[in-house]
Structure formats: C-alpha cells, structure tokens
file structure.cif (mmCIF, C-alpha atoms)
data_upload
#
loop_
_atom_site.label_atom_id
_atom_site.label_comp_id
_atom_site.auth_asym_id
_atom_site.auth_seq_id
_atom_site.Cartn_x
_atom_site.Cartn_y
_atom_site.Cartn_z
CA MET A 67 67.31 143.78 143.81
CA THR A 68 68.55 140.28 144.57
CA ALA A 69 72.19 140.01 145.58
CA THR A 70 74.33 137.74 143.43
CA PRO A 71 75.50 134.76 145.50
CA SER A 72 79.24 134.74 146.00
CA VAL A 73 81.20 132.03 144.19
CA PRO A 74 83.44 130.09 146.60
CA THR A 75 87.15 130.21 145.91
CA PRO A 76 89.68 127.48 146.76
CA LYS A 77 91.64 127.92 149.96
CA GLY A 78 94.83 127.34 148.01
CA THR A 79 96.72 126.33 151.12
CA GLY A 80 97.58 122.81 149.99
CA THR A 81 98.88 121.09 146.88
CA ILE A 82 98.66 117.38 146.09
CA VAL A 83 102.12 115.86 146.32
CA ASP A 84 103.95 115.06 143.07
CA SER A 85 104.33 111.27 142.84
CA GLY A 86 106.93 111.42 140.09
CA SER A 87 104.65 109.91 137.43
CA PRO A 88 105.51 110.54 133.76
CA ARG A 89 102.44 112.78 133.60
CA HIS A 90 99.63 113.83 135.92
CA SER A 91 95.87 113.33 135.90
CA ARG A 92 92.81 115.22 137.11
CA VAL A 93 89.02 115.26 136.95
CA VAL A 94 88.09 117.55 134.06
CA GLY A 95 84.30 117.24 134.13
CA VAL A 96 81.42 115.79 136.12
CA GLY A 97 77.75 114.98 135.54
CA ALA A 98 74.79 113.46 137.35
CA TYR A 99 71.29 112.15 136.81
CA ARG A 100 68.42 111.64 139.24
CA PRO A 101 65.30 109.84 138.01
CA ALA A 102 62.12 111.90 137.87
CA ARG A 103 60.13 109.91 140.42
CA VAL A 104 60.61 111.12 143.99
CA VAL A 105 59.64 108.60 146.67
CA MET A 106 58.97 109.99 150.13
CA ASN A 107 59.32 107.92 153.29
CA ALA A 108 55.54 107.77 153.54
CA GLU A 109 55.55 105.46 150.50
CA ILE A 110 57.93 103.06 152.22
CA VAL A 111 56.73 102.82 155.79
CA ASP A 112 53.58 100.70 155.61
CA LYS A 113 55.33 97.62 154.22
CA ILE A 114 57.97 97.69 156.96
CA ASP A 115 55.72 98.76 159.84
CA SER A 116 57.77 101.91 160.37
CA SER A 117 57.40 105.69 160.32
CA ASP A 118 58.89 108.73 158.64
CA GLU A 119 60.36 109.83 161.97
CA TRP A 120 62.04 106.45 162.54
CA ILE A 121 63.67 106.49 159.09
CA ARG A 122 64.90 110.07 159.50
CA GLU A 123 66.35 109.39 162.93
CA ARG A 124 68.02 106.14 161.86
CA SER A 125 69.45 107.28 158.52
CA GLY A 126 68.73 110.95 157.82
CA ILE A 127 66.76 109.96 154.70
CA VAL A 128 63.67 111.98 153.80
CA SER A 129 63.23 110.94 150.16
CA ARG A 130 64.87 109.06 147.31
CA HIS A 131 64.55 108.80 143.52
CA PHE A 132 63.33 105.63 141.80
CA ALA A 133 63.89 104.97 138.13
CA ALA A 134 60.95 104.19 135.88
CA GLU A 135 60.25 100.50 135.35
CA ASP A 136 61.63 100.64 131.80
CA GLU A 137 64.59 102.89 132.73
CA SER A 138 67.85 100.94 132.88
CA VAL A 139 71.23 101.62 134.45
CA ILE A 140 72.50 102.29 130.92
CA ASP A 141 69.77 104.88 130.34
CA MET A 142 70.67 106.69 133.56
CA ALA A 143 74.41 106.39 132.91
CA GLU A 144 73.99 107.96 129.48
CA HIS A 145 72.40 111.10 130.96
CA ALA A 146 75.22 111.53 133.49
CA ALA A 147 77.95 110.68 130.97
CA ARG A 148 76.79 113.21 128.38
CA GLN A 149 76.71 115.91 131.05
CA ALA A 150 80.23 115.02 132.20
CA LEU A 151 81.55 115.03 128.63
CA GLU A 152 79.98 118.43 128.00
CA HIS A 153 81.42 119.81 131.24
CA ALA A 154 84.85 118.49 130.28
CA GLY A 155 84.62 119.79 126.70
CA ILE A 156 85.42 116.31 125.43
CA SER A 157 83.80 114.45 122.55
CA PRO A 158 83.12 110.70 122.79
CA ASP A 159 85.68 109.89 120.10
CA GLN A 160 88.40 111.28 122.39
CA LEU A 161 87.70 108.69 125.07
CA GLY A 162 90.41 106.08 125.59
CA PHE A 163 88.41 103.95 128.04
CA VAL A 164 84.95 103.71 129.61
CA LEU A 165 84.60 102.36 133.17
CA MET A 166 81.15 101.75 134.63
CA ALA A 167 80.84 101.01 138.34
CA THR A 168 77.57 99.19 139.08
CA VAL A 169 76.20 96.16 140.88
CA THR A 170 72.66 96.45 139.53
CA HIS A 171 73.07 95.82 135.79
CA PRO A 172 70.75 92.78 135.56
CA TYR A 173 72.97 90.76 133.22
CA GLN A 174 75.99 88.62 134.02
CA THR A 175 77.11 89.38 130.46
CA PRO A 176 77.44 91.44 128.38
CA ALA A 177 78.62 94.27 130.61
CA ALA A 178 76.81 97.60 130.62
CA ALA A 179 79.85 99.73 129.74
CA PRO A 180 80.26 98.64 126.09
CA GLU A 181 76.60 99.40 125.36
CA LEU A 182 76.96 102.81 126.98
CA ALA A 183 80.07 103.52 124.92
CA ALA A 184 78.19 102.60 121.73
CA ARG A 185 75.30 104.89 122.64
CA LEU A 186 77.74 107.73 123.12
CA GLY A 187 79.35 107.02 119.76
CA SER A 188 82.59 105.61 121.15
CA THR A 189 84.40 102.38 120.30
CA ALA A 190 86.79 102.74 123.24
CA PRO A 191 87.48 99.68 125.38
CA ALA A 192 84.84 99.46 128.09
CA MET A 193 84.19 97.36 131.16
CA ASP A 194 82.15 97.21 134.33
CA ILE A 195 83.54 97.43 137.86
CA SER A 196 81.82 95.49 140.62
CA ALA A 197 82.92 97.20 143.81
CA ALA A 198 79.55 98.26 145.21
CA CYS A 199 79.60 101.61 147.04
CA ALA A 200 83.37 101.97 146.50
CA GLY A 201 83.00 101.42 142.77
CA TYR A 202 83.27 105.06 141.73
CA CYS A 203 86.46 105.66 143.73
CA TYR A 204 87.86 102.39 142.33
CA GLY A 205 87.08 103.74 138.88
CA VAL A 206 88.73 107.08 139.58
CA ALA A 207 91.88 105.31 140.81
CA THR A 208 92.01 103.00 137.78
CA ALA A 209 91.32 105.82 135.32
CA SER A 210 93.92 108.06 136.94
CA ASP A 211 96.57 105.36 136.61
CA MET A 212 95.65 104.85 132.95
CA VAL A 213 96.06 108.53 132.19
CA LYS A 214 99.29 108.87 134.15
CA ALA A 215 100.76 105.81 132.43
CA GLY A 216 99.74 107.08 129.00
CA SER A 217 97.47 104.18 128.05
CA ALA A 218 94.54 106.61 127.68
CA ASP A 219 94.21 110.36 127.38
CA TYR A 220 90.64 110.62 128.62
CA VAL A 221 88.68 108.08 130.65
CA LEU A 222 84.97 108.21 131.38
CA VAL A 223 84.06 106.90 134.85
CA ILE A 224 80.42 106.27 135.74
CA GLY A 225 78.80 105.19 138.99
CA VAL A 226 75.22 104.09 138.43
CA GLU A 227 72.67 101.98 140.30
CA LYS A 228 69.05 100.93 139.98
CA LEU A 229 68.83 99.58 143.49
CA SER A 230 65.03 99.63 143.46
CA ASP A 231 65.21 96.45 141.36
CA PHE A 232 67.12 94.63 144.09
CA THR A 233 65.45 95.98 147.22
CA ASP A 234 62.93 93.91 149.15
CA PRO A 235 60.17 96.41 150.03
CA TYR A 236 59.24 94.28 153.06
CA ASP A 237 62.74 94.14 154.57
CA ARG A 238 62.70 96.53 157.53
CA GLY A 239 66.50 96.76 157.54
CA THR A 240 67.01 97.80 153.90
CA ALA A 241 63.73 98.90 152.25
CA PHE A 242 64.17 102.58 153.17
CA ILE A 243 67.91 102.86 152.51
CA PHE A 244 68.39 102.68 148.77
CA GLY A 245 67.70 104.94 145.80
CA ASP A 246 68.49 105.09 142.08
CA GLY A 247 70.71 107.45 140.11
CA ALA A 248 73.90 107.99 138.13
CA GLY A 249 77.00 110.15 138.35
CA ALA A 250 80.03 110.44 136.11
CA CYS A 251 83.36 112.13 135.61
CA VAL A 252 85.94 112.46 132.88
CA ILE A 253 89.58 112.08 133.89
CA GLY A 254 92.29 113.49 131.68
CA PRO A 255 95.91 114.68 131.65
CA SER A 256 97.08 117.58 133.81
CA GLU A 257 100.20 119.69 134.10
CA THR A 258 100.05 119.42 137.89
CA PRO A 259 98.87 116.62 140.23
CA GLY A 260 95.06 116.57 140.33
CA ILE A 261 94.35 113.19 141.92
CA GLY A 262 96.17 112.07 145.03
CA PRO A 263 97.26 108.51 145.84
CA THR A 264 94.34 106.18 146.46
CA VAL A 265 94.11 104.35 149.78
CA TRP A 266 92.09 101.22 149.10
CA GLY A 267 91.59 97.66 150.20
CA SER A 268 89.18 94.87 151.01
CA ASP A 269 88.12 92.42 153.71
CA GLY A 270 86.50 89.40 152.09
CA THR A 271 86.06 87.69 155.44
CA GLN A 272 83.05 89.99 155.92
CA ARG A 273 81.37 89.18 152.60
CA ASP A 274 78.09 88.25 154.30
CA VAL A 275 77.66 91.63 155.99
CA ILE A 276 76.23 93.12 152.76
CA SER A 277 75.19 90.68 150.06
CA ASN A 278 72.46 89.36 147.81
CA ARG A 279 70.04 87.10 149.64
CA HIS A 280 70.69 84.28 147.14
CA SER A 281 72.90 83.57 144.15
CA TRP A 282 71.23 83.23 140.74
CA LEU A 283 71.80 79.48 140.91
CA GLU A 284 69.94 79.34 144.21
CA VAL A 285 67.15 81.43 142.73
CA ARG A 286 66.76 78.95 139.89
CA GLU A 287 66.46 76.09 142.33
CA LEU A 288 64.03 77.91 144.60
CA LEU A 289 61.68 79.22 141.92
CA GLY A 290 61.75 76.43 139.38
CA ASP A 291 59.69 77.22 136.29
CA GLY A 292 58.29 80.39 137.83
CA GLY A 293 61.54 82.27 137.26
CA ALA A 294 62.45 85.77 138.34
CA GLU A 295 59.21 87.26 137.03
CA ALA A 296 57.24 85.17 139.49
CA ALA A 297 59.44 86.49 142.27
CA ARG A 298 58.65 90.07 141.32
CA SER A 299 54.91 89.71 140.72
CA PRO A 300 52.64 91.61 143.15
CA GLU A 301 51.00 88.36 144.21
CA ALA A 302 54.26 86.76 145.16
CA ILE A 303 56.33 89.65 146.42
CA GLU A 304 55.73 89.00 150.10
CA GLY A 305 56.21 85.25 149.85
CA VAL A 306 58.35 84.28 146.87
CA THR A 307 60.55 87.38 147.02
CA ALA A 308 61.48 86.62 150.59
CA LYS A 309 62.19 83.06 149.49
CA GLY A 310 64.08 83.55 146.30
CA TRP A 311 64.64 86.99 144.71
CA PRO A 312 68.32 88.01 145.16
CA SER A 313 67.50 91.25 146.93
CA LEU A 314 70.09 92.97 149.06
CA THR A 315 70.54 92.10 152.71
CA MET A 316 72.62 93.96 155.24
CA ALA A 317 73.73 93.51 158.82
CA GLY A 318 73.14 97.14 159.66
CA GLN A 319 74.92 97.40 162.99
CA SER A 320 78.01 95.58 161.71
CA VAL A 321 78.20 97.86 158.69
CA PHE A 322 77.68 100.94 160.85
CA ARG A 323 80.51 100.00 163.23
CA TRP A 324 82.88 99.13 160.38
CA ALA A 325 82.16 102.37 158.54
CA VAL A 326 82.37 104.63 161.59
CA TRP A 327 85.50 103.16 163.14
CA GLY A 328 87.25 101.73 160.10
CA MET A 329 86.80 104.34 157.38
CA ALA A 330 87.91 107.54 159.15
CA PRO A 331 91.51 106.21 159.39
CA VAL A 332 91.38 105.38 155.66
CA ALA A 333 90.21 108.91 154.88
CA GLN A 334 93.00 110.33 157.05
CA GLN A 335 95.56 108.21 155.20
CA ALA A 336 94.31 109.64 151.89
CA ILE A 337 94.79 113.16 153.26
CA ASP A 338 98.29 112.31 154.48
CA ARG A 339 99.35 110.59 151.25
CA ALA A 340 98.13 113.57 149.23
CA GLY A 341 100.59 115.67 151.23
CA ILE A 342 97.99 118.04 152.62
CA LYS A 343 96.19 118.71 155.90
CA ALA A 344 92.48 118.52 156.71
CA ASP A 345 92.45 122.32 156.99
CA ASP A 346 93.46 122.54 153.31
CA LEU A 347 90.31 120.78 152.10
CA ASP A 348 87.55 122.69 150.34
CA ALA A 349 85.08 119.78 150.50
CA PHE A 350 84.46 116.39 152.05
CA ILE A 351 82.39 114.09 149.83
CA PRO A 352 81.93 110.68 151.46
CA HIS A 353 79.72 107.87 150.20
CA GLN A 354 76.14 108.62 151.23
CA ALA A 355 75.38 105.56 153.36
CA ASN A 356 73.92 107.08 156.50
CA ILE A 357 73.88 110.62 157.88
CA ARG A 358 75.16 109.36 161.23
CA ILE A 359 78.16 107.74 159.52
CA VAL A 360 78.93 110.99 157.70
CA ASP A 361 78.71 113.04 160.89
CA ALA A 362 80.86 110.55 162.83
CA MET A 363 83.57 110.66 160.17
CA VAL A 364 83.59 114.47 160.19
CA LYS A 365 84.09 114.36 163.96
CA GLN A 366 86.84 111.75 163.85
CA LEU A 367 88.71 113.57 161.10
CA LYS A 368 88.42 116.81 163.11
CA LEU A 369 87.36 118.71 160.01
CA PRO A 370 87.04 122.48 160.47
CA PRO A 371 83.42 123.70 160.48
CA ASP A 372 83.99 125.79 157.33
CA ILE A 373 84.48 122.73 155.10
CA PRO A 374 81.32 121.85 153.14
CA VAL A 375 80.27 118.23 153.66
CA ALA A 376 78.04 116.25 151.30
CA ARG A 377 74.81 115.18 152.97
CA ASP A 378 72.85 114.34 149.83
CA ILE A 379 71.58 111.16 151.45
CA VAL A 380 68.70 113.26 152.81
CA THR A 381 67.11 113.52 149.34
CA THR A 382 68.82 110.75 147.35
CA ALA A 383 69.18 107.95 149.93
CA ASN A 384 72.03 105.49 149.33
CA THR A 385 72.74 105.24 145.60
CA SER A 386 75.85 103.08 146.09
CA ALA A 387 78.43 103.72 143.33
CA ALA A 388 76.54 106.82 142.18
CA SER A 389 76.45 108.69 145.48
CA ILE A 390 79.80 110.51 145.35
CA PRO A 391 79.59 111.84 141.77
CA ILE A 392 75.93 112.83 142.27
CA ALA A 393 76.90 114.86 145.34
CA THR A 394 79.98 116.34 143.67
CA THR A 395 78.00 117.51 140.65
CA ARG A 396 75.28 119.09 142.78
CA MET A 397 77.70 120.86 145.12
CA LEU A 398 79.62 122.36 142.19
CA ALA A 399 76.46 123.38 140.32
CA GLU A 400 74.99 125.08 143.39
CA GLY A 401 78.21 126.93 144.19
CA GLU A 402 78.66 125.13 147.50
CA ILE A 403 82.23 124.11 146.66
CA PRO A 404 84.82 125.81 144.44
CA SER A 405 86.19 124.70 141.11
CA GLY A 406 89.91 124.12 141.59
CA GLY A 407 89.50 123.31 145.28
CA LEU A 408 90.59 120.15 147.05
CA ALA A 409 88.00 117.48 147.88
CA LEU A 410 88.39 114.31 149.91
CA GLN A 411 86.18 111.50 148.63
CA ILE A 412 85.74 108.02 150.11
CA GLY A 413 83.58 105.07 149.12
CA PHE A 414 82.97 101.91 151.14
CA GLY A 415 80.58 98.99 150.96
CA ALA A 416 79.86 95.36 150.08
CA GLY A 417 82.85 93.13 149.76
CA LEU A 418 83.82 94.62 152.11
CA VAL A 419 85.75 97.13 149.97
CA TYR A 420 86.85 100.73 150.33
CA ALA A 421 88.78 103.47 148.52
CA ALA A 422 89.63 107.11 149.22
CA GLN A 423 91.53 109.85 147.42
CA VAL A 424 91.93 113.63 147.38
CA ILE A 425 91.06 115.29 144.07
CA VAL A 426 91.19 118.75 142.58
CA LEU A 427 87.62 119.73 141.74
CA PRO A 428 86.96 120.46 138.04
#
call {"tool": "encode", "arguments": {"input": "structure.cif", "output": "structure tokens"}}
result
Amino acid sequence: MTATPSVPTPKGTGTIVDSGSPRHSRVVGVGAYRPARVVMNAEIVDKIDSSDEWIRERSGIVSRHFAAEDESVIDMAEHAARQALEHAGISPDQLGFVLMATVTHPYQTPAAAPELAARLGSTAPAMDISAACAGYCYGVATASDMVKAGSADYVLVIGVEKLSDFTDPYDRGTAFIFGDGAGACVIGPSETPGIGPTVWGSDGTQRDVISNRHSWLEVRELLGDGGAEAARSPEAIEGVTAKGWPSLTMAGQSVFRWAVWGMAPVAQQAIDRAGIKADDLDAFIPHQANIRIVDAMVKQLKLPPDIPVARDIVTTANTSAASIPIATTRMLAEGEIPSGGLALQIGFGAGLVYAAQVIVLP
C-alpha cells in the first residue's frame, strides 16, 4: 500500500503588513503551460561547440521546452490563462483587466493581450507589459494596485515567452539559456493583505547588457529586400542571422554579477516591507535565470534550509516573464509548497529592471 504524501501546511508565523488600502488583494488562482517539445542539451551543443556538462555546470540547465513553429505566445498564454481562471473559479466576463508580460510577441502592434482577451471571451481592457524577466512581477504589482484601488475586481496577469524565435542557435553565450512557456495568475479582492508592497526599479544605463542585437530599423537596412524570412532561413542562419536578425545578446558576466550582488538586497527589502522575516516564508520563487544565481541569493538571504526554493531552470531553462508563474504552478500542484503560505518572488532582467514582492499562495 502506497502512503499518501503529506500536504504541506503554512508556517503561519508571519502576516503581510496592512498598508491601509481601501481594500486588499491576493492571488486567487495560477496556471502554467509548457510546450510539448522537450529539447535536451545534446540538441544545442554542436552549433556552439559545447557540451552537456559545460551547460549544466554553467547554468544548471538540462533541458528546455520549445514551442511548435506555428504556436504563438497567444496560444501558450491561452492555455495558462484558462488554467488560472479555472483555479480561481472566475469566468472571463468577470475580468476587469488583462495584463500580458512578454517581449517575444512578434508585432509592434497590435498588442497580444487584447487578442488573448477576445479568445477567452472577455472585452476587458488589455495591454502588454514589456519588462522582460521582471514582467510578471510588474504585472502582479500593477494588478494588485488596480484591485486595491477598486478599478478592477479581478485582473488576469500572464507571463509568456517564445524565446526560441529570438535566440541565435550559434551564439555560445545565449543559445543554451532560453526556453518557451507561459504562466498566469488571477488577482482579486481579499479580506486580508495577500500581496505585500513591491520593491521595484530600473537602471537604464545598463540597457546594453541584455538587448536585441539590432533594432527592426537596422534589420531593414541590413537585409534589404530579403527581409526577416531570409534571416531565418536554414541557408542564411549562420551568416545573415549573425548580421541582421534581432536575436538576444547578453553580457553574461555583467548580468551574473548584477543579479547576484544587486538582487538579494531587493529581495530582502521586499521581505522587510511585507512586515515578515525570512523564517516566515513557505517558499522562495525567484526568476529562473541561472541555478548559480538562485543558490547565491538563497545564501545571501540566509534562508533556512526548510524553505522550498524554485529550481525549475533545470528542466525549463530561462523562460523570462513566464518563469515565476510556471514554477509557482508546478510547486503548488506537486504539493511542494502550501496553499495559504507566504512566498517571496523576484524577477530581474533586461532594462535593467527588477521587482519583488511577498504573496500569499492561492
């Protein structure tokens, strides 16, 4: 007879401080979607003259998910959004706003969020957020303020990326890092504080540390009549892509130092402003950028060993805005973290931008 796994219970030793808002907000449901195709490191290494061992040691990544060629960020977002709505027990017509955090929707306009809302059967106002890996936490902060101010009762927040479209498979510094996926949450009213104050900011002086290789205007000049399709063709991928396609570039060491030494103090501020202590946390769910960054933050924050920490990067790689809600959904579904517990989440990335807050898990 197989023993029934025990369901974790919240520590219950800390309560998010009351900010005095007219009403409170909390996450009432979450959802996630990982594309079907699993890409192991072995598929990546030949083009970057690397090895599975090198990738694991450098990042912790073993595999990632890639969306199908005809699978869009809106397709993936819809899967995660419907799951979050079901978890929250909310119908689309109850939504007061839809926020989609993404940097890989391949259109300047229209935004992805209105089309997602229409697919769900909602006519709520909808917009995209471009805040890279901090996009989901930016969305949570914005949605929370909407609910607390009374401008919306329920807000759908999605983090979704199809980074495989904007990754140069021959770039040794980035080809192995990114994956595709979507995560979502619904934020609604609460009788008690469910989302702590957000600690967020930006440093635009470091815009070049993580960026697209070229702007679309530069791509047009570089490729002429060939266009983006020429840049993505198998014949041209090694030459024209390196010349023109706006794939992502990253100064890895600069990002690593900034994340390790700059983001732990931000996370600590979020704990302090929530009015709790690290010992009160039931989960730590940081952006999944690099396993070494995650481990360094745990050490700097002096988190007790009993606190579950998201390390989904091992099987999902870096999914940018989607990484935190994907990890949150998995950890809840697998009983790794308790419903009603306190979780610290922090996102950080291109911009450079960052955001952190403590939430009550749905």
call {"tool": "closest_residue", "arguments": {"input": "structure.cif", "among": "A:Ala218, A:Leu347, A:Leu427, A:Ala150", "to": "A:Lys77", "atoms": "only C-alpha atoms"}}
result
A:Leu347
call {"tool": "closest_atom_pairs", "arguments": {"input": "structure.cif", "of": "stretch 356-410 of chain A", "to": "stretch 177-199 of chain A", "cutoff": "9 Å", "atoms": "only C-alpha atoms", "output": "Markdown table"}}
result
| residue | atom | partner | partner_atom | distance |
| --- | --- | --- | --- | --- |
| A:Asn384 | CA | A:Cys199 | CA | 8.8 |
| A:Thr385 | CA | A:Cys199 | CA | 7.9 |
| A:Ser386 | CA | A:Cys199 | CA | 4.1 |
| A:Ala387 | CA | A:Cys199 | CA | 4.4 |
| A:Ala388 | CA | A:Cys199 | CA | 7.8 |
| A:Ser389 | CA | A:Cys199 | CA | 7.9 |
call {"tool": "atom_distance", "arguments": {"input": "structure.cif", "atom1": "atom CA of A:Asp378", "atom2": "atom CA of A:Ile127"}}
result
8.9 Å
call {"tool": "closest_residue", "arguments": {"input": "structure.cif", "among": "A:Leu418, A:Val111, A:Val226, A:Val213", "to": "A:Ser256", "atoms": "all atoms listed in the file"}}
result
A:Val213
call {"tool": "closest_residue", "arguments": {"input": "structure.cif", "among": "A:Ser230, A:Ser91, A:Ser72, A:Gln335", "to": "A:Thr170", "atoms": "all atoms listed in the file"}}
result
A:Ser230
call {"tool": "resolve_selection", "arguments": {"input": "structure.cif", "expression": "the PyMOL selection byres ((chain A and resi 401-405) around 6)", "output": "ChimeraX atom specification"}}
result
/A:73-76,397-400,406-407,427-428
call {"tool": "write_last_selection", "arguments": {"input": "structure.cif", "atoms": "C-alpha atoms", "output": "mmCIF file, in the coordinates of the input"}}
result
data_model
loop_
_atom_site.group_PDB
_atom_site.id
_atom_site.type_symbol
_atom_site.label_atom_id
_atom_site.label_comp_id
_atom_site.auth_asym_id
_atom_site.auth_seq_id
_atom_site.Cartn_x
_atom_site.Cartn_y
_atom_site.Cartn_z
ATOM 1 C CA VAL A 73 81.200 132.030 144.190
ATOM 2 C CA PRO A 74 83.440 130.090 146.600
ATOM 3 C CA THR A 75 87.150 130.210 145.910
ATOM 4 C CA PRO A 76 89.680 127.480 146.760
ATOM 5 C CA MET A 397 77.700 120.860 145.120
ATOM 6 C CA LEU A 398 79.620 122.360 142.190
ATOM 7 C CA ALA A 399 76.460 123.380 140.320
ATOM 8 C CA GLU A 400 74.990 125.080 143.390
ATOM 9 C CA GLY A 406 89.910 124.120 141.590
ATOM 10 C CA GLY A 407 89.500 123.310 145.280
ATOM 11 C CA LEU A 427 87.620 119.730 141.740
ATOM 12 C CA PRO A 428 86.960 120.460 138.040
#
call {"tool": "resolve_selection", "arguments": {"input": "structure.cif", "expression": "the PyMOL selection byres ((chain A and resi 101) around 10)", "output": "list in words"}}
result
Tyr99, Arg100, Ala102, Arg103, Val104, Arg130, His131, Phe132, Ala133, Ala134, Glu137, Met142, Lys228, Gly245, Asp246, Gly247 and Ala248 of chain A
call {"tool": "write_last_selection", "arguments": {"input": "structure.cif", "atoms": "C-alpha atoms", "output": "PDB file, in the frame of the given file"}}
result
ATOM      1  CA  TYR A  99      71.290 112.150 136.810  1.00  0.00           C
ATOM      2  CA  ARG A 100      68.420 111.640 139.240  1.00  0.00           C
ATOM      3  CA  ALA A 102      62.120 111.900 137.870  1.00  0.00           C
ATOM      4  CA  ARG A 103      60.130 109.910 140.420  1.00  0.00           C
ATOM      5  CA  VAL A 104      60.610 111.120 143.990  1.00  0.00           C
ATOM      6  CA  ARG A 130      64.870 109.060 147.310  1.00  0.00           C
ATOM      7  CA  HIS A 131      64.550 108.800 143.520  1.00  0.00           C
ATOM      8  CA  PHE A 132      63.330 105.630 141.800  1.00  0.00           C
ATOM      9  CA  ALA A 133      63.890 104.970 138.130  1.00  0.00           C
ATOM     10  CA  ALA A 134      60.950 104.190 135.880  1.00  0.00           C
ATOM     11  CA  GLU A 137      64.590 102.890 132.730  1.00  0.00           C
ATOM     12  CA  MET A 142      70.670 106.690 133.560  1.00  0.00           C
ATOM     13  CA  LYS A 228      69.050 100.930 139.980  1.00  0.00           C
ATOM     14  CA  GLY A 245      67.700 104.940 145.800  1.00  0.00           C
ATOM     15  CA  ASP A 246      68.490 105.090 142.080  1.00  0.00           C
ATOM     16  CA  GLY A 247      70.710 107.450 140.110  1.00  0.00           C
ATOM     17  CA  ALA A 248      73.900 107.990 138.130  1.00  0.00           C
TER      18      ALA A 248
END
call {"tool": "resolve_selection", "arguments": {"input": "structure.cif", "expression": "the PyMOL selection byres ((chain A and resi 408) around 12)", "output": "PyMOL selection string"}}
result
chain A and resi 75-82+92-93+259-262+337+340-351+373-374+394+403-407+409-411+423-428
call {"tool": "closest_residue", "arguments": {"input": "structure.cif", "among": "A:Ala355, A:Ala333, A:Ala154, A:Ile390", "to": "A:Val96", "atoms": "only C-alpha atoms"}}
result
A:Ala154
call {"tool": "atom_distance", "arguments": {"input": "structure.cif", "atom1": "atom CA of A:Pro391", "atom2": "atom CA of A:Cys251"}}
result
7.2 Å
call {"tool": "atom_distance", "arguments": {"input": "structure.cif", "atom1": "atom CA of A:Gly270", "atom2": "atom CA of A:Ala325"}}
result
15.1 Å
